[in-house]
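final_15.txt follows; it contains compact mmCIF, C-alpha atoms.
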```txt
# COMPACT_ATOMS: atom_id res chain seq x y z
CA MET A 1 12.26 19.24 28.32
CA SER A 2 11.49 17.92 24.82
CA ARG A 3 8.46 19.24 23.02
CA ARG A 4 5.57 16.78 23.04
CA VAL A 5 3.92 15.70 19.82
CA SER A 6 0.95 13.38 19.59
CA VAL A 7 0.63 11.15 16.54
CA ILE A 8 -2.88 9.79 16.06
CA GLY A 9 -2.87 6.58 14.05
CA ALA A 10 -0.37 3.71 14.39
CA GLY A 11 -0.41 2.46 10.83
CA TRP A 12 2.78 2.56 8.80
CA SER A 13 2.49 6.31 8.31
CA GLY A 14 2.02 7.00 12.01
CA LEU A 15 4.87 4.64 12.93
CA ALA A 16 7.17 6.33 10.40
CA CYS A 17 6.21 9.77 11.72
CA ALA A 18 6.76 8.76 15.35
CA LEU A 19 10.15 7.21 14.58
CA GLU A 20 11.28 10.34 12.74
CA LEU A 21 10.05 12.64 15.51
CA LEU A 22 11.78 10.55 18.17
CA ALA A 23 15.03 10.67 16.19
CA ARG A 24 14.72 14.48 16.09
CA GLY A 25 14.41 14.80 19.85
CA PHE A 26 10.68 15.14 20.38
CA ALA A 27 8.66 13.46 23.11
CA VAL A 28 6.15 11.32 21.23
CA THR A 29 2.75 9.94 22.16
CA LEU A 30 1.30 7.48 19.65
CA LEU A 31 -2.42 6.69 19.86
CA ASP A 32 -4.55 4.21 17.95
CA ALA A 33 -7.99 2.68 18.35
CA ALA A 34 -6.77 -0.79 17.35
CA PRO A 35 -5.19 -3.28 19.77
CA GLN A 36 -2.05 -3.57 17.62
CA PRO A 37 -0.04 -1.28 15.36
CA GLY A 38 0.26 -1.71 11.62
CA GLY A 39 -3.02 -0.41 10.24
CA ARG A 40 -3.86 -2.09 6.94
CA ALA A 41 -0.53 -3.98 6.88
CA ARG A 42 -0.42 -6.21 9.93
CA ALA A 43 -0.63 -9.86 10.96
CA VAL A 44 -3.86 -11.65 11.75
CA THR A 45 -4.67 -15.25 12.68
CA VAL A 46 -6.49 -17.02 9.85
CA ARG A 47 -8.26 -20.31 10.49
CA LEU A 48 -8.03 -22.69 7.52
CA GLY A 49 -9.61 -26.03 8.34
CA ASP A 50 -8.03 -27.64 11.37
CA ARG A 51 -5.09 -25.23 11.53
CA SER A 52 -4.52 -21.56 12.23
CA PHE A 53 -1.97 -19.58 10.27
CA ARG A 54 -0.33 -16.24 11.03
CA LEU A 55 -0.86 -14.29 7.82
CA ASP A 56 -1.42 -10.68 6.83
CA ASN A 57 -4.78 -8.95 6.79
CA GLY A 58 -4.11 -8.65 3.05
CA GLN A 59 -1.37 -9.90 0.73
CA HIS A 60 1.11 -7.11 -0.04
CA LEU A 61 3.67 -6.66 -2.79
CA MET A 62 6.43 -4.04 -2.67
CA VAL A 63 9.00 -2.84 -5.20
CA GLY A 64 12.65 -1.89 -4.96
CA ALA A 65 11.76 1.80 -5.28
CA TYR A 66 10.34 1.72 -1.73
CA SER A 67 13.49 3.40 -0.48
CA GLU A 68 12.07 5.02 2.66
CA THR A 69 10.26 1.85 3.71
CA LEU A 70 13.46 -0.17 3.36
CA ARG A 71 15.43 2.47 5.26
CA LEU A 72 13.00 2.45 8.18
CA MET A 73 12.93 -1.35 8.28
CA SER A 74 16.70 -1.31 8.66
CA ARG A 75 16.50 1.42 11.31
CA VAL A 76 14.27 -0.71 13.56
CA GLY A 77 16.52 -3.75 13.23
CA VAL A 78 14.85 -5.64 10.37
CA ASP A 79 17.11 -7.00 7.64
CA PRO A 80 15.19 -6.37 4.37
CA GLN A 81 17.20 -9.12 2.66
CA ALA A 82 15.89 -11.66 5.17
CA ALA A 83 12.38 -10.26 5.52
CA LEU A 84 11.68 -9.81 1.80
CA LEU A 85 12.16 -12.03 -1.22
CA ARG A 86 13.70 -9.82 -3.92
CA LEU A 87 13.04 -10.81 -7.54
CA PRO A 88 13.73 -8.98 -10.82
CA PHE A 89 10.56 -7.34 -12.08
CA GLU A 90 8.49 -9.88 -13.91
CA LEU A 91 4.95 -10.17 -15.12
CA ARG A 92 4.23 -13.86 -15.48
CA TYR A 93 1.01 -15.65 -16.36
CA PRO A 94 0.35 -19.40 -16.08
CA ASP A 95 -0.23 -19.64 -19.85
CA GLY A 96 3.46 -18.81 -20.58
CA PHE A 97 3.32 -15.02 -21.00
CA LEU A 98 6.48 -13.58 -19.39
CA LEU A 99 7.93 -10.08 -19.35
CA GLN A 100 11.02 -9.90 -17.12
CA ALA A 101 13.42 -7.00 -16.59
CA ARG A 102 17.18 -7.65 -16.68
CA ARG A 103 19.89 -6.60 -14.24
CA LEU A 104 21.01 -3.64 -16.37
CA PRO A 105 20.86 0.17 -16.08
CA ALA A 106 17.69 1.88 -17.28
CA PRO A 107 16.40 1.77 -19.96
CA LEU A 108 18.43 -1.29 -21.01
CA HIS A 109 16.87 -3.41 -18.25
CA LEU A 110 13.46 -3.00 -19.88
CA ALA A 111 14.70 -3.12 -23.48
CA CYS A 112 16.44 -6.47 -22.95
CA GLY A 113 13.42 -7.74 -21.09
CA LEU A 114 11.25 -6.93 -24.09
CA LEU A 115 13.62 -8.69 -26.47
CA THR A 116 13.53 -11.89 -24.45
CA ALA A 117 9.83 -11.78 -23.50
CA ARG A 118 7.70 -14.86 -24.07
CA GLY A 119 4.18 -14.88 -25.45
CA VAL A 120 4.37 -11.16 -26.26
CA ALA A 121 3.59 -10.00 -29.80
CA TRP A 122 6.20 -7.79 -31.49
CA ALA A 123 3.64 -5.01 -31.83
CA ASP A 124 3.16 -5.13 -28.06
CA ARG A 125 6.92 -4.98 -27.45
CA ARG A 126 7.29 -1.96 -29.74
CA HIS A 127 4.44 -0.21 -27.95
CA VAL A 128 6.00 -0.71 -24.48
CA ALA A 129 9.41 0.54 -25.69
CA ALA A 130 7.87 3.58 -27.43
CA PHE A 131 5.72 4.37 -24.38
CA ALA A 132 8.70 4.31 -22.01
CA LEU A 133 10.86 6.46 -24.31
CA HIS A 134 8.06 8.96 -24.91
CA TRP A 135 7.39 9.61 -21.25
CA ARG A 136 11.07 9.50 -20.33
CA ARG A 137 11.64 12.42 -22.69
CA ARG A 138 8.68 14.26 -21.15
CA GLY A 139 9.89 13.72 -17.59
CA TRP A 140 6.90 11.50 -16.82
CA THR A 141 4.81 14.64 -16.40
CA LEU A 142 1.49 15.74 -17.88
CA ALA A 143 0.50 19.31 -18.63
CA GLU A 144 -3.00 18.47 -17.40
CA ASP A 145 -4.14 15.40 -15.51
CA GLY A 146 -6.80 13.06 -16.84
CA PRO A 147 -7.89 9.43 -16.68
CA ALA A 148 -5.02 6.96 -16.94
CA SER A 149 -6.91 5.14 -19.70
CA GLY A 150 -6.06 8.08 -21.97
CA LEU A 151 -2.37 7.18 -21.76
CA PHE A 152 -3.09 4.02 -23.73
CA ASP A 153 -5.37 5.25 -26.49
CA GLY A 154 -4.50 3.20 -29.56
CA ALA A 155 -2.33 0.75 -27.60
CA PRO A 156 -2.62 -2.97 -28.45
CA ALA A 157 -5.49 -4.45 -26.47
CA GLN A 158 -3.52 -7.44 -25.19
CA ILE A 159 -0.69 -5.39 -23.69
CA VAL A 160 -3.21 -3.14 -21.97
CA ARG A 161 -4.97 -6.20 -20.57
CA ARG A 162 -1.81 -8.03 -19.50
CA LEU A 163 0.53 -5.18 -18.48
CA TRP A 164 -0.88 -1.68 -18.03
CA ARG A 165 -4.21 -2.55 -16.43
CA PRO A 166 -2.69 -5.07 -13.96
CA LEU A 167 -0.01 -2.54 -12.96
CA CYS A 168 -2.65 0.14 -12.42
CA LEU A 169 -4.79 -2.21 -10.33
CA ALA A 170 -1.82 -3.37 -8.25
CA ALA A 171 -0.43 0.12 -7.58
CA LEU A 172 -3.55 2.33 -7.52
CA ASN A 173 -6.33 -0.17 -6.68
CA VAL A 174 -8.66 1.22 -9.35
CA GLU A 175 -9.37 0.62 -13.02
CA LEU A 176 -7.57 2.69 -15.65
CA HIS A 177 -10.56 4.90 -16.37
CA GLN A 178 -10.85 5.79 -12.65
CA ALA A 179 -7.17 6.48 -12.05
CA SER A 180 -5.13 9.65 -12.31
CA ALA A 181 -2.78 9.49 -15.28
CA GLN A 182 -0.21 11.61 -13.43
CA VAL A 183 -0.21 9.35 -10.37
CA LEU A 184 0.26 6.26 -12.55
CA LEU A 185 3.11 7.96 -14.43
CA ALA A 186 4.80 8.82 -11.12
CA VAL A 187 4.62 5.17 -10.06
CA LEU A 188 6.01 3.97 -13.40
CA ARG A 189 8.77 6.60 -13.29
CA ASP A 190 10.04 5.53 -9.88
CA SER A 191 9.68 1.78 -10.40
CA LEU A 192 9.55 0.19 -13.83
CA ALA A 193 11.48 2.96 -15.60
CA ALA A 194 14.01 3.77 -12.87
CA GLY A 195 16.33 0.80 -13.22
CA SER A 196 16.45 -2.88 -12.37
CA ARG A 197 16.86 -2.50 -8.58
CA ALA A 198 14.01 0.00 -8.34
CA ALA A 199 11.79 -2.26 -10.45
CA ASP A 200 12.51 -5.38 -8.37
CA LEU A 201 9.54 -7.11 -6.78
CA LEU A 202 9.77 -7.45 -2.99
CA ILE A 203 7.49 -10.11 -1.52
CA PRO A 204 7.27 -10.31 2.29
CA ARG A 205 8.52 -13.67 3.57
CA ARG A 206 7.13 -12.97 7.03
CA ASP A 207 3.95 -11.27 8.09
CA LEU A 208 4.15 -7.49 8.09
CA THR A 209 3.87 -7.18 11.86
CA ASP A 210 7.18 -9.04 12.11
CA ALA A 211 8.60 -7.23 9.09
CA PHE A 212 7.98 -3.70 10.40
CA ALA A 213 5.10 -2.85 12.75
CA GLY A 214 6.33 -4.97 15.69
CA PRO A 215 9.99 -3.90 15.55
CA ALA A 216 8.90 -0.26 15.03
CA ARG A 217 6.77 -0.43 18.17
CA ALA A 218 9.69 -1.93 20.13
CA ALA A 219 12.06 0.78 18.86
CA LEU A 220 9.62 3.52 19.85
CA GLN A 221 9.16 2.06 23.32
CA ALA A 222 12.93 1.72 23.76
CA GLY A 223 13.27 5.38 22.79
CA GLY A 224 10.76 6.49 25.41
CA ALA A 225 7.67 6.99 23.26
CA ASP A 226 4.30 6.66 24.99
CA ILE A 227 2.25 4.16 22.94
CA ARG A 228 -1.46 4.00 23.71
CA LEU A 229 -3.37 1.33 21.82
CA ARG A 230 -7.12 0.75 22.18
CA SER A 231 -7.33 4.52 22.58
CA PRO A 232 -9.64 6.00 19.93
CA VAL A 233 -9.36 9.78 19.78
CA GLN A 234 -12.79 11.38 19.68
CA ARG A 235 -12.14 15.10 19.85
CA LEU A 236 -9.47 17.74 19.37
CA ALA A 237 -9.60 21.18 20.95
CA ARG A 238 -7.25 24.12 20.75
CA GLN A 239 -6.34 25.49 24.17
CA GLY A 240 -3.87 28.36 24.14
CA SER A 241 -0.64 27.14 22.56
CA CYS A 242 -1.51 23.46 22.99
CA TRP A 243 -3.92 20.88 21.64
CA ARG A 244 -6.17 18.93 23.99
CA ILE A 245 -6.80 15.36 22.88
CA ASP A 246 -9.87 13.53 24.18
CA SER A 247 -9.55 9.74 24.03
CA ARG A 248 -12.65 8.20 25.61
CA GLY A 249 -12.66 10.84 28.30
CA THR A 250 -8.93 10.62 28.93
CA LEU A 251 -7.47 14.05 28.18
CA GLY A 252 -3.95 14.66 26.94
CA GLU A 253 -2.04 17.69 25.75
CA ALA A 254 0.52 18.21 23.01
CA GLU A 255 2.23 21.15 21.39
CA ALA A 256 1.64 19.59 17.98
CA VAL A 257 -0.66 16.89 16.61
CA VAL A 258 -0.22 14.71 13.52
CA LEU A 259 -3.29 12.94 12.14
CA ALA A 260 -1.85 9.84 10.46
CA LEU A 261 -5.28 8.64 9.46
CA PRO A 262 -7.34 7.83 6.37
CA PRO A 263 -9.61 10.65 5.19
CA GLU A 264 -12.82 9.15 6.60
CA ARG A 265 -11.29 9.17 10.10
CA ALA A 266 -9.34 12.42 9.86
CA ALA A 267 -12.33 14.51 8.69
CA PRO A 268 -14.47 14.02 11.83
CA LEU A 269 -11.51 14.89 14.07
CA LEU A 270 -10.87 18.10 12.17
CA ALA A 271 -14.56 18.95 12.44
CA SER A 272 -14.47 18.28 16.19
CA ALA A 273 -11.94 21.08 16.64
CA ASP A 274 -14.66 23.52 15.52
CA LEU A 275 -12.24 25.95 13.89
CA ALA A 276 -13.30 27.94 10.83
CA GLU A 277 -9.83 27.68 9.28
CA LEU A 278 -10.17 23.89 9.09
CA ALA A 279 -13.48 23.86 7.19
CA ALA A 280 -11.94 23.73 3.71
CA ALA A 281 -9.55 20.89 4.62
CA THR A 282 -12.40 18.95 6.22
CA ALA A 283 -14.49 19.33 3.06
CA LEU A 284 -11.62 18.06 0.90
CA LEU A 285 -11.19 14.98 3.07
CA ARG A 286 -14.90 14.21 3.02
CA ALA A 287 -14.83 14.27 -0.79
CA VAL A 288 -12.16 11.55 -1.04
CA ASP A 289 -13.52 8.16 -2.05
CA SER A 290 -12.10 4.81 -0.98
CA ALA A 291 -11.74 1.43 -2.71
CA PRO A 292 -11.67 -2.13 -1.33
CA ILE A 293 -9.14 -4.94 -1.68
CA ALA A 294 -9.87 -8.61 -1.01
CA THR A 295 -7.42 -11.42 -0.28
CA VAL A 296 -8.54 -15.03 -0.57
CA TYR A 297 -6.43 -17.55 1.35
CA LEU A 298 -6.68 -21.17 0.19
CA ARG A 299 -5.22 -24.21 1.94
CA TYR A 300 -4.53 -27.41 0.01
CA ALA A 301 -4.15 -30.99 1.21
CA ALA A 302 -0.60 -31.25 -0.13
CA ASP A 303 1.90 -28.46 -0.54
CA PRO A 304 1.06 -27.26 -4.08
CA ARG A 305 4.46 -25.59 -4.63
CA LEU A 306 3.76 -23.38 -7.61
CA PRO A 307 6.67 -23.12 -10.06
CA TRP A 308 7.05 -19.45 -9.05
CA PRO A 309 6.50 -17.45 -5.84
CA ALA A 310 3.97 -15.16 -7.54
CA SER A 311 2.02 -15.04 -10.76
CA ALA A 312 -0.46 -12.72 -12.40
CA LEU A 313 -3.88 -14.13 -13.31
CA LEU A 314 -6.18 -13.19 -16.17
CA ASP A 315 -9.25 -11.92 -14.37
CA ASP A 316 -12.65 -11.58 -16.00
CA PRO A 317 -15.33 -10.51 -13.51
CA SER A 318 -18.09 -11.08 -16.08
CA THR A 319 -17.34 -14.83 -15.90
CA GLY A 320 -16.63 -14.96 -12.16
CA ARG A 321 -12.82 -14.94 -12.49
CA PHE A 322 -11.87 -12.30 -9.94
CA GLY A 323 -8.30 -13.27 -8.98
CA GLN A 324 -5.54 -10.98 -10.27
CA TRP A 325 -2.41 -12.29 -8.49
CA VAL A 326 -1.60 -15.55 -6.76
CA PHE A 327 1.22 -16.03 -4.21
CA ASP A 328 2.62 -19.31 -2.91
CA ARG A 329 2.98 -18.61 0.81
CA GLY A 330 4.82 -21.91 1.32
CA ARG A 331 7.64 -20.84 -0.99
CA LEU A 332 8.04 -17.72 1.14
CA ASP A 333 7.70 -19.29 4.60
CA GLN A 334 7.68 -23.03 5.27
CA ALA A 335 5.30 -22.48 8.19
CA ASN A 336 2.64 -21.63 5.60
CA ALA A 337 3.24 -24.60 3.30
CA GLY A 338 0.11 -25.46 1.35
CA VAL A 339 -1.37 -21.96 1.58
CA LEU A 340 -1.91 -19.74 -1.46
CA SER A 341 -3.10 -16.14 -1.38
CA VAL A 342 -5.05 -14.56 -4.21
CA VAL A 343 -5.37 -10.78 -4.42
CA ILE A 344 -8.30 -8.86 -5.89
CA SER A 345 -7.82 -5.11 -6.24
CA ALA A 346 -10.76 -2.77 -6.91
CA ALA A 347 -12.76 -5.58 -5.35
CA GLY A 348 -16.21 -3.97 -5.20
CA GLU A 349 -17.84 -6.36 -7.66
CA ALA A 350 -16.07 -9.38 -6.16
CA LEU A 351 -17.37 -8.52 -2.69
CA ALA A 352 -20.95 -7.98 -3.85
CA GLY A 353 -21.79 -11.62 -3.13
CA SER A 354 -20.98 -13.84 -0.16
CA ALA A 355 -17.45 -14.68 0.99
CA GLU A 356 -18.15 -18.36 0.32
CA ALA A 357 -19.16 -17.65 -3.27
CA LEU A 358 -16.04 -15.55 -3.86
CA ALA A 359 -13.74 -18.23 -2.44
CA THR A 360 -15.42 -20.88 -4.59
CA SER A 361 -15.00 -18.80 -7.74
CA VAL A 362 -11.32 -18.17 -6.99
CA ALA A 363 -10.71 -21.88 -6.36
CA ARG A 364 -12.30 -22.68 -9.73
CA GLN A 365 -10.15 -20.05 -11.41
CA LEU A 366 -6.97 -21.60 -9.97
CA SER A 367 -8.12 -25.04 -11.11
CA ALA A 368 -8.71 -23.75 -14.64
CA GLU A 369 -5.53 -21.67 -14.96
CA ILE A 370 -3.02 -23.70 -12.92
CA GLY A 371 -4.62 -27.13 -12.62
CA LEU A 372 -4.94 -27.15 -8.84
CA PRO A 373 -7.36 -29.49 -7.05
CA SER A 374 -10.12 -28.25 -4.78
CA PRO A 375 -8.76 -26.64 -1.60
CA LEU A 376 -9.25 -28.05 1.88
CA ALA A 377 -10.33 -24.72 3.31
CA THR A 378 -10.61 -21.05 2.35
CA ALA A 379 -10.89 -17.67 4.04
CA VAL A 380 -11.69 -14.24 2.61
CA LEU A 381 -10.21 -11.10 4.17
CA ALA A 382 -11.60 -7.82 2.87
CA GLU A 383 -10.43 -4.29 3.55
CA LYS A 384 -13.45 -2.28 2.41
CA ARG A 385 -11.59 1.04 2.72
CA ALA A 386 -8.16 -0.24 1.79
CA THR A 387 -7.03 2.77 -0.24
CA ILE A 388 -8.16 6.13 -1.45
CA VAL A 389 -9.34 6.45 -5.05
CA PRO A 390 -6.59 8.45 -6.83
CA SER A 391 -8.95 10.04 -9.32
CA PRO A 392 -7.75 12.61 -11.88
CA GLY A 393 -7.11 15.98 -10.28
CA LEU A 394 -7.75 14.65 -6.76
CA GLN A 395 -7.22 17.33 -4.13
CA ARG A 396 -6.16 16.57 -0.58
CA PRO A 397 -5.04 19.03 2.10
CA SER A 398 -1.33 19.73 2.44
CA THR A 399 0.72 18.28 5.29
CA ARG A 400 0.55 21.57 7.20
CA LEU A 401 -3.04 22.45 8.09
CA PRO A 402 -4.17 26.08 8.53
CA ALA A 403 -4.53 25.62 12.30
CA ALA A 404 -1.17 26.07 14.01
CA SER A 405 0.75 22.91 14.91
CA LEU A 406 -1.75 20.55 13.28
CA TYR A 407 -0.53 18.23 10.52
CA LEU A 408 -1.70 15.43 8.24
CA ALA A 409 0.00 12.18 7.23
CA GLY A 410 -1.15 8.89 5.72
CA ASP A 411 -3.66 8.90 2.89
CA SER A 412 -5.12 12.21 4.08
CA ALA A 413 -2.13 14.33 3.09
CA ALA A 414 -1.49 15.54 -0.44
CA GLY A 415 1.25 13.70 -2.31
CA GLU A 416 2.14 12.27 -5.68
CA TYR A 417 1.97 8.64 -4.55
CA PRO A 418 -1.15 6.44 -4.27
CA SER A 419 -2.10 4.44 -1.18
CA THR A 420 0.98 2.25 -1.09
CA LEU A 421 3.09 1.40 1.93
CA GLU A 422 5.81 3.65 0.56
CA GLY A 423 3.35 6.49 0.09
CA SER A 424 2.23 6.10 3.70
CA VAL A 425 5.79 6.02 5.03
CA ARG A 426 6.82 9.08 3.03
CA ALA A 427 3.77 11.01 4.20
CA GLY A 428 4.63 10.20 7.81
CA ILE A 429 8.23 11.33 7.41
CA ALA A 430 7.11 14.52 5.64
CA ALA A 431 4.80 15.35 8.56
CA ALA A 432 7.62 14.82 11.09
CA GLN A 433 9.91 17.04 9.05
CA ALA A 434 7.25 19.77 8.98
CA VAL A 435 6.82 19.56 12.75
CA ALA A 436 10.57 19.81 13.28
CA ALA A 437 10.86 22.78 10.93
CA ASP A 438 8.00 24.63 12.63
CA LEU A 439 8.67 23.83 16.28
CA GLY A 440 12.24 22.67 16.51
CA PRO A 441 13.29 20.55 19.52
CA ARG A 442 13.52 22.38 22.81
```
What does the file become when written as structure tokens?
Amino acid sequence: MSRRVSVIGAGWSGLACALELLARGFAVTLLDAAPQPGGRARAVTVRLGDRSFRLDNGQHLMVGAYSETLRLMSRVGVDPQAALLRLPFELRYPDGFLLQARRLPAPLHLACGLLTARGVAWADRRHVAAFALHWRRRGWTLAEDGPASGLFDGAPAQIVRRLWRPLCLAALNVELHQASAQVLLAVLRDSLAAGSRAADLLIPRRDLTDAFAGPARAALQAGGADIRLRSPVQRLARQGSCWRIDSRGTLGEAEAVVLALPPERAAPLLASADLAELAAATALLRAVDSAPIATVYLRYAADPRLPWPASALLDDPSTGRFGQWVFDRGRLDQANAGVLSVVISAAGEALAGSAEALATSVARQLSAEIGLPSPLATAVLAEKRATIVPSPGLQRPSTRLPAASLYLAGDSAAGEYPSTLEGSVRAGIAAAQAVAADLGPR
């Protein structure tokens, strides 16, 4: 009989962990409180005027360096070439600013992109080239972590505003002064500096339930996994060599448990086990802060058809311009023609007022920057705990917890990546590998 492992949390990390465990011969039970898998990257129905659209609970952007995510998509029968629009890395603004990588080996892809950039001062180009060469020589590693803002001391203000800060917000969901310099360097190392394919932008054509969560669920069910949705786990207890899992009074047992959960949900479960050896890990998880992301969907009377699938926006919260990226959903999927999505990372200030006020301010920003008319309808989707805050020197527990056969995945586990889909997938795979190394299939 195969050894049974319970994975708690059916977001992308839990799905990745369950798929890896199943492939290694374990009997898997996957539990989640939600009615559908996918966590913070899943489809929802959004009402915009007289029509409903199947969109994501937040607009996502991936990069070519998401190697494990792309591998798992292929494993569950999704063709990444069909599911994702792949574009060379580009940072484009409506006012003509354009920095676009070329299809060349690193670092030539970035060097040629700098030479052909538009609206970029020569001092800014020299700074980007010098920055990339400097950290390439240093292995993209710091002797001591600190705020990411320190990486750009003395850098031209415009390139910080138009390149480094937007990349930090998009990847880490916090401002430069809040972010870990080492985490940002790791992201830049594996994406922008790793070569043209790794730096490519991958924009989902379909909603992310279709692109991964749904096919992953089907693959798990076909492989014999026991998937229990609407099953919030409330307590863990060690009983001999097994773990007892209490889900609304329904008890289950497993030889190993993986918590593929965000810190604010993993900490209470660790505390429920009432084991002294878990106290330090619980304290670390309770100290992790989270940050929100907002997505504003706007529907227009006629298909606006932006000249590009995606564009950066010059945000200025002090003047009510909160939008940082705009995506033309109609260029990605004809079923969503006329719908634009605007992303706001580190959205605390933007969400301080009403949803209606935020949508109105974003519509005005698009009118001013792109010349769009007033939208027919709008909707604001906010994930108030979208990501962890990757602050300098942040400590999270390791994948293996001190209690035997108990593991962490998702944003709760230590790792060099921020709260990206790739970071979640890698954490899930790492947890499955640890389980297999410790237990081994029977």
Give me the range 95-213 of chain A side of the contact with range 342-366 of chain A, cut-off 9 Å, one line per residue showing its nearest atom pair and distance in Å at one decimal, counting only C-alpha atoms, sorted by chain and residue number, as a Markdown table.
```
| residue | atom | partner | partner_atom | distance |
| --- | --- | --- | --- | --- |
| A:Leu169 | CA | A:Ser345 | CA | 5.9 |
| A:Ala170 | CA | A:Ser345 | CA | 6.6 |
| A:Leu172 | CA | A:Ser345 | CA | 8.7 |
| A:Asn173 | CA | A:Ala346 | CA | 5.1 |
| A:Val174 | CA | A:Ala346 | CA | 5.1 |
| A:Glu175 | CA | A:Ala346 | CA | 7.1 |
```
Seminar exercise, completed: Separating CA of Trp135 in chain A from CA of Ala106 in chain A, to the nearest tenth of an Å, is a gap of 13.5 Å
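Using all atoms listed in the file for every distance, the candidate list A:Glu422, A:Glu90, A:Asp333, A:Glu383 yields A:Glu90 as the residue closest to Asp200 in chain A.
The closest residue to Pro304 in chain A, picked from A:Leu21, A:Leu401, A:Val326, A:Val339 and counting only C-alpha atoms, is A:Val339.
Residue nearest Asp226 in chain A within the list A:Gln182, A:Gln334, A:Thr29, A:Ser191: A:Thr29 [criterion: smallest interatomic distance, all atoms listed in the file].
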For this session: Taking (-6.8, -15.7, -10.9) in the file's own coordinates, collect the residues within 6 Å, counting only C-alpha atoms, and hand them back as an MDAnalysis selection string.
Result: chainID A and resid 313:315 323:324 365:366
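Contact shell of range 396-399 of chain A at 7 Å (only C-alpha atoms; same-chain neighbours under 4 positions omitted): Ala281, Leu284, Leu285, Tyr407, Leu408, Ala409, Ser412, Ala413, Ala414 and Ala431 of chain A.
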